[in-house]
file my_file.tsv (TSV, C-alpha atoms)
chain	number	residue	atom	x	y	z
A	1	MET	CA	12.81	-2.81	-16.38
A	2	ASP	CA	9.51	-1.10	-16.92
A	3	SER	CA	9.30	2.38	-15.49
A	4	HIS	CA	6.87	2.70	-12.58
A	5	ALA	CA	7.18	6.47	-12.21
A	6	GLY	CA	4.29	7.59	-14.39
A	7	GLY	CA	1.77	5.36	-12.61
A	8	ALA	CA	3.13	6.21	-9.20
A	9	ARG	CA	2.83	9.92	-9.88
A	10	ARG	CA	-0.69	9.47	-11.18
A	11	PHE	CA	-1.71	7.83	-7.92
A	12	ARG	CA	0.12	10.33	-5.74
A	13	THR	CA	-0.94	13.60	-7.28
A	14	PRO	CA	-4.68	14.12	-7.78
A	15	ALA	CA	-5.99	17.70	-8.01
A	16	VAL	CA	-4.84	20.04	-5.25
A	17	GLN	CA	-8.44	20.66	-4.18
A	18	ILE	CA	-9.08	16.96	-3.67
A	19	ARG	CA	-5.93	16.57	-1.58
A	20	CYS	CA	-6.85	19.50	0.62
A	21	VAL	CA	-10.35	18.23	1.27
A	22	ILE	CA	-9.13	14.72	2.03
A	23	LEU	CA	-6.50	16.08	4.41
A	24	LEU	CA	-9.08	18.13	6.29
A	25	VAL	CA	-11.46	15.19	6.49
A	26	LEU	CA	-8.75	12.84	7.74
A	27	LEU	CA	-7.60	15.30	10.36
A	28	GLY	CA	-11.16	15.68	11.58
A	29	LEU	CA	-11.77	11.94	11.68
A	30	ALA	CA	-8.43	10.91	13.15
A	31	ALA	CA	-9.57	11.68	16.69
A	32	GLY	CA	-12.68	9.60	16.17
A	33	CYS	CA	-10.85	6.48	14.97
A	34	ALA	CA	-10.00	4.72	18.21
A	35	ARG	CA	-6.40	3.59	18.45
A	36	ALA	CA	-5.37	0.17	19.64
A	37	PRO	CA	-2.99	0.21	22.62
A	38	LEU	CA	0.63	0.65	21.61
A	39	PRO	CA	2.61	-2.37	22.87
A	40	SER	CA	5.70	-1.70	24.93
A	41	ALA	CA	8.75	-3.05	23.11
A	42	THR	CA	12.47	-2.49	22.79
A	43	GLN	CA	14.54	-3.21	19.71
A	44	VAL	CA	17.16	-5.91	20.19
A	45	SER	CA	19.72	-7.70	18.06
A	46	CYS	CA	17.98	-9.85	15.46
A	47	ARG	CA	18.29	-13.59	15.99
A	48	ASP	CA	17.32	-14.61	12.43
A	49	PRO	CA	16.30	-11.50	10.50
A	50	ARG	CA	14.20	-11.03	7.38
A	51	THR	CA	13.98	-7.70	5.59
A	52	VAL	CA	10.75	-6.20	4.29
A	53	TYR	CA	10.26	-2.68	2.98
A	54	ALA	CA	7.83	0.21	3.29
A	55	VAL	CA	7.46	2.43	0.20
A	56	ASN	CA	6.16	5.97	0.65
A	57	HIS	CA	3.77	6.89	-2.19
A	58	GLY	CA	2.45	10.03	-0.52
A	59	LYS	CA	-1.00	9.28	0.92
A	60	HIS	CA	-0.30	5.56	0.76
A	61	VAL	CA	2.47	3.23	1.98
A	62	GLY	CA	3.20	-0.01	0.12
A	63	LEU	CA	4.66	-3.22	1.57
A	64	VAL	CA	7.47	-5.04	-0.24
A	65	ILE	CA	8.14	-8.73	0.44
A	66	ASP	CA	9.94	-11.53	-1.44
A	67	ALA	CA	8.00	-12.58	-4.54
A	68	ALA	CA	8.93	-16.24	-4.03
A	69	ASP	CA	7.28	-16.25	-0.61
A	70	LEU	CA	3.98	-14.95	-1.97
A	71	ALA	CA	4.14	-17.34	-4.94
A	72	MET	CA	4.67	-20.29	-2.60
A	73	ALA	CA	1.89	-19.24	-0.23
A	74	LEU	CA	-0.54	-18.44	-3.07
A	75	SER	CA	0.06	-20.92	-5.88
A	76	ALA	CA	-2.21	-19.07	-8.34
A	77	LEU	CA	0.42	-16.30	-8.44
A	78	ALA	CA	3.35	-18.68	-8.99
A	79	ASP	CA	3.40	-18.20	-12.77
A	80	PRO	CA	3.21	-14.36	-12.96
A	81	LEU	CA	5.77	-14.05	-10.16
A	82	ARG	CA	8.10	-16.80	-11.39
A	83	GLU	CA	10.88	-14.54	-12.70
A	84	GLU	CA	10.48	-11.78	-10.13
A	85	GLU	CA	12.48	-11.01	-6.99
A	86	TYR	CA	10.14	-8.74	-5.02
A	87	VAL	CA	6.49	-7.87	-4.90
A	88	GLU	CA	4.96	-4.66	-3.58
A	89	ILE	CA	1.47	-4.94	-2.08
A	90	GLY	CA	-0.98	-2.12	-1.49
A	91	TRP	CA	-4.57	-2.39	-0.18
A	92	GLY	CA	-7.19	0.27	-0.89
A	93	ASP	CA	-10.61	1.37	-2.13
A	94	LEU	CA	-11.59	-0.56	-5.27
A	95	ARG	CA	-13.02	2.33	-7.26
A	96	TYR	CA	-10.58	5.06	-6.22
A	97	TYR	CA	-7.40	2.99	-6.42
A	98	GLN	CA	-8.09	1.78	-9.96
A	99	ALA	CA	-9.48	5.03	-11.38
A	100	GLU	CA	-7.54	6.74	-14.18
A	101	LYS	CA	-8.96	10.10	-13.08
A	102	LYS	CA	-9.89	10.67	-9.45
A	103	ASN	CA	-12.47	13.22	-8.35
A	104	LEU	CA	-13.77	14.71	-5.12
A	105	ALA	CA	-17.00	12.69	-5.04
A	106	MET	CA	-15.07	9.46	-5.45
A	107	SER	CA	-12.66	10.43	-2.67
A	108	LEU	CA	-15.37	11.38	-0.17
A	109	SER	CA	-17.37	8.26	-0.96
A	110	ALA	CA	-14.33	6.11	-0.19
A	111	LEU	CA	-13.83	7.90	3.13
A	112	PHE	CA	-17.37	8.12	4.45
A	113	LEU	CA	-18.95	4.90	3.13
A	114	PRO	CA	-17.59	1.38	3.64
A	115	THR	CA	-16.58	0.35	0.13
A	116	ALA	CA	-15.13	-2.71	-1.59
A	117	ALA	CA	-11.35	-3.09	-1.58
A	118	VAL	CA	-8.59	-4.20	-3.92
A	119	LEU	CA	-4.97	-5.22	-3.65
A	120	HIS	CA	-2.38	-3.70	-5.97
A	121	VAL	CA	0.36	-6.26	-6.69
A	122	SER	CA	3.53	-4.98	-8.38
A	123	ALA	CA	6.37	-7.39	-9.21
A	124	PHE	CA	9.95	-6.41	-9.96
A	125	ARG	CA	13.61	-7.36	-9.82
A	126	GLY	CA	16.48	-5.52	-8.17
A	127	PRO	CA	16.82	-3.64	-4.88
A	128	PRO	CA	13.58	-1.87	-3.87
A	129	GLU	CA	15.45	1.36	-3.16
A	130	LEU	CA	16.63	1.39	-6.79
A	131	TYR	CA	13.35	0.32	-8.38
A	132	PHE	CA	11.54	3.02	-6.40
A	133	SER	CA	14.44	5.44	-6.73
A	134	ASP	CA	12.20	8.52	-6.72
A	135	LEU	CA	10.36	7.47	-3.54
A	136	GLU	CA	11.27	6.99	0.11
A	137	VAL	CA	11.96	3.32	0.88
A	138	ILE	CA	12.35	2.17	4.50
A	139	ALA	CA	14.01	-1.20	5.25
A	140	LEU	CA	12.42	-3.04	8.19
A	141	ARG	CA	13.96	-6.03	9.96
A	142	VAL	CA	11.61	-8.69	11.30
A	143	GLU	CA	12.38	-12.04	12.89
A	144	GLN	CA	12.10	-15.07	10.63
A	145	ALA	CA	9.84	-16.70	13.23
A	146	ASP	CA	7.42	-13.77	13.02
A	147	TYR	CA	7.56	-13.23	9.26
A	148	PRO	CA	4.94	-15.93	8.41
A	149	ALA	CA	2.32	-13.93	10.31
A	150	LEU	CA	2.95	-10.96	8.01
A	151	LEU	CA	2.84	-13.20	4.94
A	152	SER	CA	-0.45	-14.70	6.13
A	153	HIS	CA	-1.85	-11.20	6.57
A	154	VAL	CA	-1.10	-10.53	2.89
A	155	VAL	CA	-2.39	-13.88	1.62
A	156	ASP	CA	-5.59	-13.71	3.67
A	157	SER	CA	-6.31	-10.27	2.18
A	158	PHE	CA	-6.98	-11.76	-1.28
A	159	SER	CA	-10.63	-12.47	-2.03
A	160	ARG	CA	-11.11	-15.84	-3.74
A	161	GLY	CA	-13.32	-17.06	-6.57
A	162	GLU	CA	-15.31	-20.29	-6.66
A	163	GLU	CA	-12.19	-22.35	-7.33
A	164	GLY	CA	-10.21	-20.61	-4.60
A	165	ASP	CA	-8.07	-18.43	-6.87
A	166	PRO	CA	-7.54	-14.67	-6.44
A	167	ILE	CA	-9.97	-12.53	-8.43
A	168	LEU	CA	-8.16	-10.39	-11.01
A	169	THR	CA	-9.86	-7.03	-11.64
A	170	GLY	CA	-7.45	-5.40	-14.08
A	171	PRO	CA	-3.91	-4.22	-14.86
A	172	GLY	CA	-1.95	-2.32	-12.23
A	173	LEU	CA	-0.56	1.19	-12.15
A	174	TYR	CA	3.09	0.73	-13.08
A	175	GLY	CA	5.58	-1.83	-14.34
A	176	LYS	CA	4.43	-5.45	-14.07
A	177	SER	CA	1.39	-5.11	-11.84
A	178	TRP	CA	-2.22	-6.17	-11.33
A	179	PHE	CA	-5.29	-5.42	-9.23
A	180	TYR	CA	-7.07	-8.18	-7.29
A	181	ARG	CA	-10.28	-8.08	-5.25
A	182	ALA	CA	-9.49	-7.83	-1.55
A	183	GLU	CA	-11.12	-8.80	1.71
A	184	GLY	CA	-12.37	-6.08	4.03
A	185	ALA	CA	-14.09	-2.74	3.54
A	186	PHE	CA	-12.31	0.55	3.02
A	187	HIS	CA	-13.46	3.59	5.02
A	188	ALA	CA	-12.01	6.53	6.94
A	189	CYS	CA	-11.00	4.39	9.93
A	190	ASN	CA	-9.74	1.47	7.85
A	191	THR	CA	-7.37	2.74	5.17
A	192	CYS	CA	-4.47	1.37	3.15
A	193	ASN	CA	-2.17	2.48	5.97
A	194	THR	CA	-4.31	0.70	8.58
A	195	TRP	CA	-3.92	-2.49	6.55
A	196	MET	CA	-0.14	-2.02	6.52
A	197	ALA	CA	0.01	-1.26	10.26
A	198	ARG	CA	-1.99	-4.38	11.16
A	199	GLY	CA	0.36	-6.56	9.16
A	200	LEU	CA	3.52	-5.11	10.70
A	201	ALA	CA	2.01	-5.38	14.20
A	202	LYS	CA	1.85	-9.15	13.69
A	203	THR	CA	5.67	-9.25	13.46
A	204	GLY	CA	6.17	-7.56	16.82
A	205	TYR	CA	6.45	-3.96	15.65
A	206	PRO	CA	4.98	-1.71	18.37
A	207	ILE	CA	2.70	0.18	16.03
A	208	PHE	CA	-0.81	1.60	16.29
A	209	ARG	CA	-2.88	-0.99	14.44
A	210	ARG	CA	-5.48	1.63	13.51
A	211	THR	CA	-3.09	4.19	12.04
A	212	ILE	CA	-5.03	5.82	9.21
A	213	THR	CA	-2.59	8.24	7.57
A	214	SER	CA	0.69	7.60	5.80
A	215	SER	CA	2.37	10.37	7.81
A	216	GLY	CA	1.38	8.68	11.07
A	217	LEU	CA	2.58	5.30	9.84
A	218	LEU	CA	5.88	6.59	8.47
A	219	LYS	CA	6.63	8.55	11.64
A	220	GLN	CA	6.44	5.31	13.62
A	221	LEU	CA	8.59	3.37	11.14
A	222	ARG	CA	11.28	6.05	10.77
A	223	GLY	CA	11.91	6.02	14.50
A	224	ASN	CA	13.13	2.42	14.51
A	225	ALA	CA	16.72	1.31	13.96
A	226	PRO	CA	16.85	-0.55	10.60
A	227	ASP	CA	19.39	-3.14	11.76
A	228	LEU	CA	17.53	-4.23	14.93
A	229	CYS	CA	14.38	-6.26	15.52
A	230	PHE	CA	11.29	-6.32	17.69
A	231	GLN	CA	9.89	-9.59	18.94
A	232	VAL	CA	6.25	-10.58	19.33
A	233	THR	CA	5.20	-10.26	22.98
A	234	GLU	CA	1.45	-10.86	22.58
A	235	PRO	CA	-0.80	-12.82	20.21
A	236	GLY	CA	-1.04	-11.19	16.75
call {"tool": "encode", "arguments": {"input": "my_file.tsv", "output": "structure tokens"}}
result
Amino acid sequence: MDSHAGGARRFRTPAVQIRCVILLVLLGLAAGCARAPLPSATQVSCRDPRTVYAVNHGKHVGLVIDAADLAMALSALADPLREEEYVEIGWGDLRYYQAEKKNLAMSLSALFLPTAAVLHVSAFRGPPELYFSDLEVIALRVEQADYPALLSHVVDSFSRGEEGDPILTGPGLYGKSWFYRAEGAFHACNTCNTWMARGLAKTGYPIFRRTITSSGLLKQLRGNAPDLCFQVTEPG
């Protein structure tokens, strides 16, 4: 298995000054990013559960789903995902996410100006909690009936070329991974964590769809019992 740790650390730990500025900016903007109403829901015994995972990379939370599901829903990825068990998906700013070296100007541009987006697709075998052994991994149970809505959220996030295939922009950050052009624009009120929250909301999770920080997203996910489910009570 290829080690993912070097790439993950590179993405998680830019210069201290950059992190401080971004934190201050996000805190200042958080109040201005209107939150969608939080649905009222109670966890109940799962009728037909599926497990997905949230991976804490620091400022960013990745989504892990079954590789076979993505390969079936997006046939252009069937070959690269053929031998894999899981795939981790992350959505983010095209320039910042792919940069070898990140700087303050790049960070502020991504926050203040709507910018193009990419998806980071990382394929692997084995339990997610072992593959990402140095990171926090949260198991989330969703109903099988609601899972296709989450899968569609992922599939619909891929931009397509003239022939309808995903647009590859380069190699990924760790292990067997790639970057693809993504739909949507990244900005301070629409971050990688917002993308994740919107997808989970489609499965019935009572989560703020406009959550912008990883800390806010993780706080909501950690409060839920991992062996119980929510059920969709309103259109996704």
call {"tool": "residues_around", "arguments": {"input": "my_file.tsv", "residues": "Ala76 of chain A", "least_positions_apart": "5", "cutoff": "9 Å", "atoms": "all atoms listed in the file", "output": "compact mmCIF listing (two decimals) with C-alpha atoms, in the frame of the given file"}}
result
# COMPACT_ATOMS: atom_id res chain seq x y z
CA ALA A 71 4.14 -17.34 -4.94
CA GLY A 164 -10.21 -20.61 -4.60
CA ASP A 165 -8.07 -18.43 -6.87
CA PRO A 166 -7.54 -14.67 -6.44
call {"tool": "residues_around", "arguments": {"input": "my_file.tsv", "residues": "segment 127-140 of chain A", "least_positions_apart": "5", "cutoff": "6 Å", "atoms": "all atoms listed in the file", "output": "ChimeraX atom specification"}}
result
/A:51-56,226
call {"tool": "residues_around", "arguments": {"input": "my_file.tsv", "residues": "Arg47 of chain A", "least_positions_apart": "6", "cutoff": "10 Å", "atoms": "all atoms listed in the file", "output": "PDB file with C-alpha atoms, in the coordinates of the input"}}
result
ATOM      1  CA  VAL A 142      11.610  -8.690  11.300  1.00  0.00           C
ATOM      2  CA  GLU A 143      12.380 -12.040  12.890  1.00  0.00           C
ATOM      3  CA  GLN A 144      12.100 -15.070  10.630  1.00  0.00           C
ATOM      4  CA  ALA A 145       9.840 -16.700  13.230  1.00  0.00           C
ATOM      5  CA  LEU A 228      17.530  -4.230  14.930  1.00  0.00           C
ATOM      6  CA  CYS A 229      14.380  -6.260  15.520  1.00  0.00           C
ATOM      7  CA  GLN A 231       9.890  -9.590  18.940  1.00  0.00           C
TER       8      GLN A 231
END
call {"tool": "atom_distance", "arguments": {"input": "my_file.tsv", "atom1": "atom CA of Ala116 of chain A", "atom2": "atom CA of Arg198 of chain A"}}
result
18.4 Å
call {"tool": "closest_atom_pairs", "arguments": {"input": "my_file.tsv", "of": "segment 75-193 of chain A", "to": "segment 58-67 of chain A", "cutoff": "9 Å", "atoms": "all atoms listed in the file", "output": "tab-separated table"}}
result
residue	atom	partner	partner_atom	distance
A:Ala78	CA	A:Ala67	CA	8.9
A:Leu81	CA	A:Ala67	CA	6.2
A:Arg82	CA	A:Ala67	CA	8.0
A:Glu83	CA	A:Ala67	CA	8.9
A:Glu84	CA	A:Ala67	CA	6.2
A:Glu85	CA	A:Ala67	CA	5.3
A:Tyr86	CA	A:Ala67	CA	4.4
A:Val87	CA	A:Ala67	CA	5.0
A:Glu88	CA	A:Val64	CA	4.2
A:Ile89	CA	A:Leu63	CA	5.1
A:Gly90	CA	A:Gly62	CA	5.0
A:Trp91	CA	A:Gly62	CA	8.1
A:Gly92	CA	A:His60	CA	8.8
A:Ala123	CA	A:Ala67	CA	7.2
A:Phe124	CA	A:Ala67	CA	8.4
A:Pro128	CA	A:Val64	CA	7.8
A:Leu135	CA	A:Gly58	CA	8.8
A:Leu151	CA	A:Ile65	CA	8.3
A:Thr191	CA	A:His60	CA	8.8
A:Cys192	CA	A:His60	CA	6.4
A:Asn193	CA	A:Val61	CA	6.2
call {"tool": "atom_distance", "arguments": {"input": "my_file.tsv", "atom1": "atom CA of Leu74 of chain A", "atom2": "atom CA of Arg210 of chain A"}}
result
26.5 Å
call {"tool": "atom_distance", "arguments": {"input": "my_file.tsv", "atom1": "atom CA of Ser152 of chain A", "atom2": "atom CA of Glu183 of chain A"}}
result
13.0 Å
call {"tool": "closest_residue", "arguments": {"input": "my_file.tsv", "among": "A:Leu218, A:Ala182, A:Thr213, A:Lys176", "to": "Thr194 of chain A", "atoms": "only C-alpha atoms"}}
result
A:Thr213
call {"tool": "closest_residue", "arguments": {"input": "my_file.tsv", "among": "A:Arg50, A:Lys219, A:Leu119, A:Arg95", "to": "Trp178 of chain A", "atoms": "all atoms listed in the file"}}
result
A:Leu119
call {"tool": "residues_around", "arguments": {"input": "my_file.tsv", "residues": "Gln220 of chain A", "least_positions_apart": "6", "cutoff": "9 Å", "atoms": "all atoms listed in the file", "output": "tab-separated table (two decimals) with C-alpha atoms, keeping the file's coordinate frame"}}
result
chain	number	residue	atom	x	y	z
A	206	PRO	CA	4.98	-1.71	18.37
A	207	ILE	CA	2.70	0.18	16.03
A	208	PHE	CA	-0.81	1.60	16.29
call {"tool": "closest_residue", "arguments": {"input": "my_file.tsv", "among": "A:Gly204, A:Asp227, A:Glu163, A:Ser214", "to": "Ala41 of chain A", "atoms": "all atoms listed in the file"}}
result
A:Gly204
call {"tool": "closest_residue", "arguments": {"input": "my_file.tsv", "among": "A:Thr203, A:Asp48, A:His153, A:Pro80", "to": "Ala68 of chain A", "atoms": "all atoms listed in the file"}}
result
A:Pro80
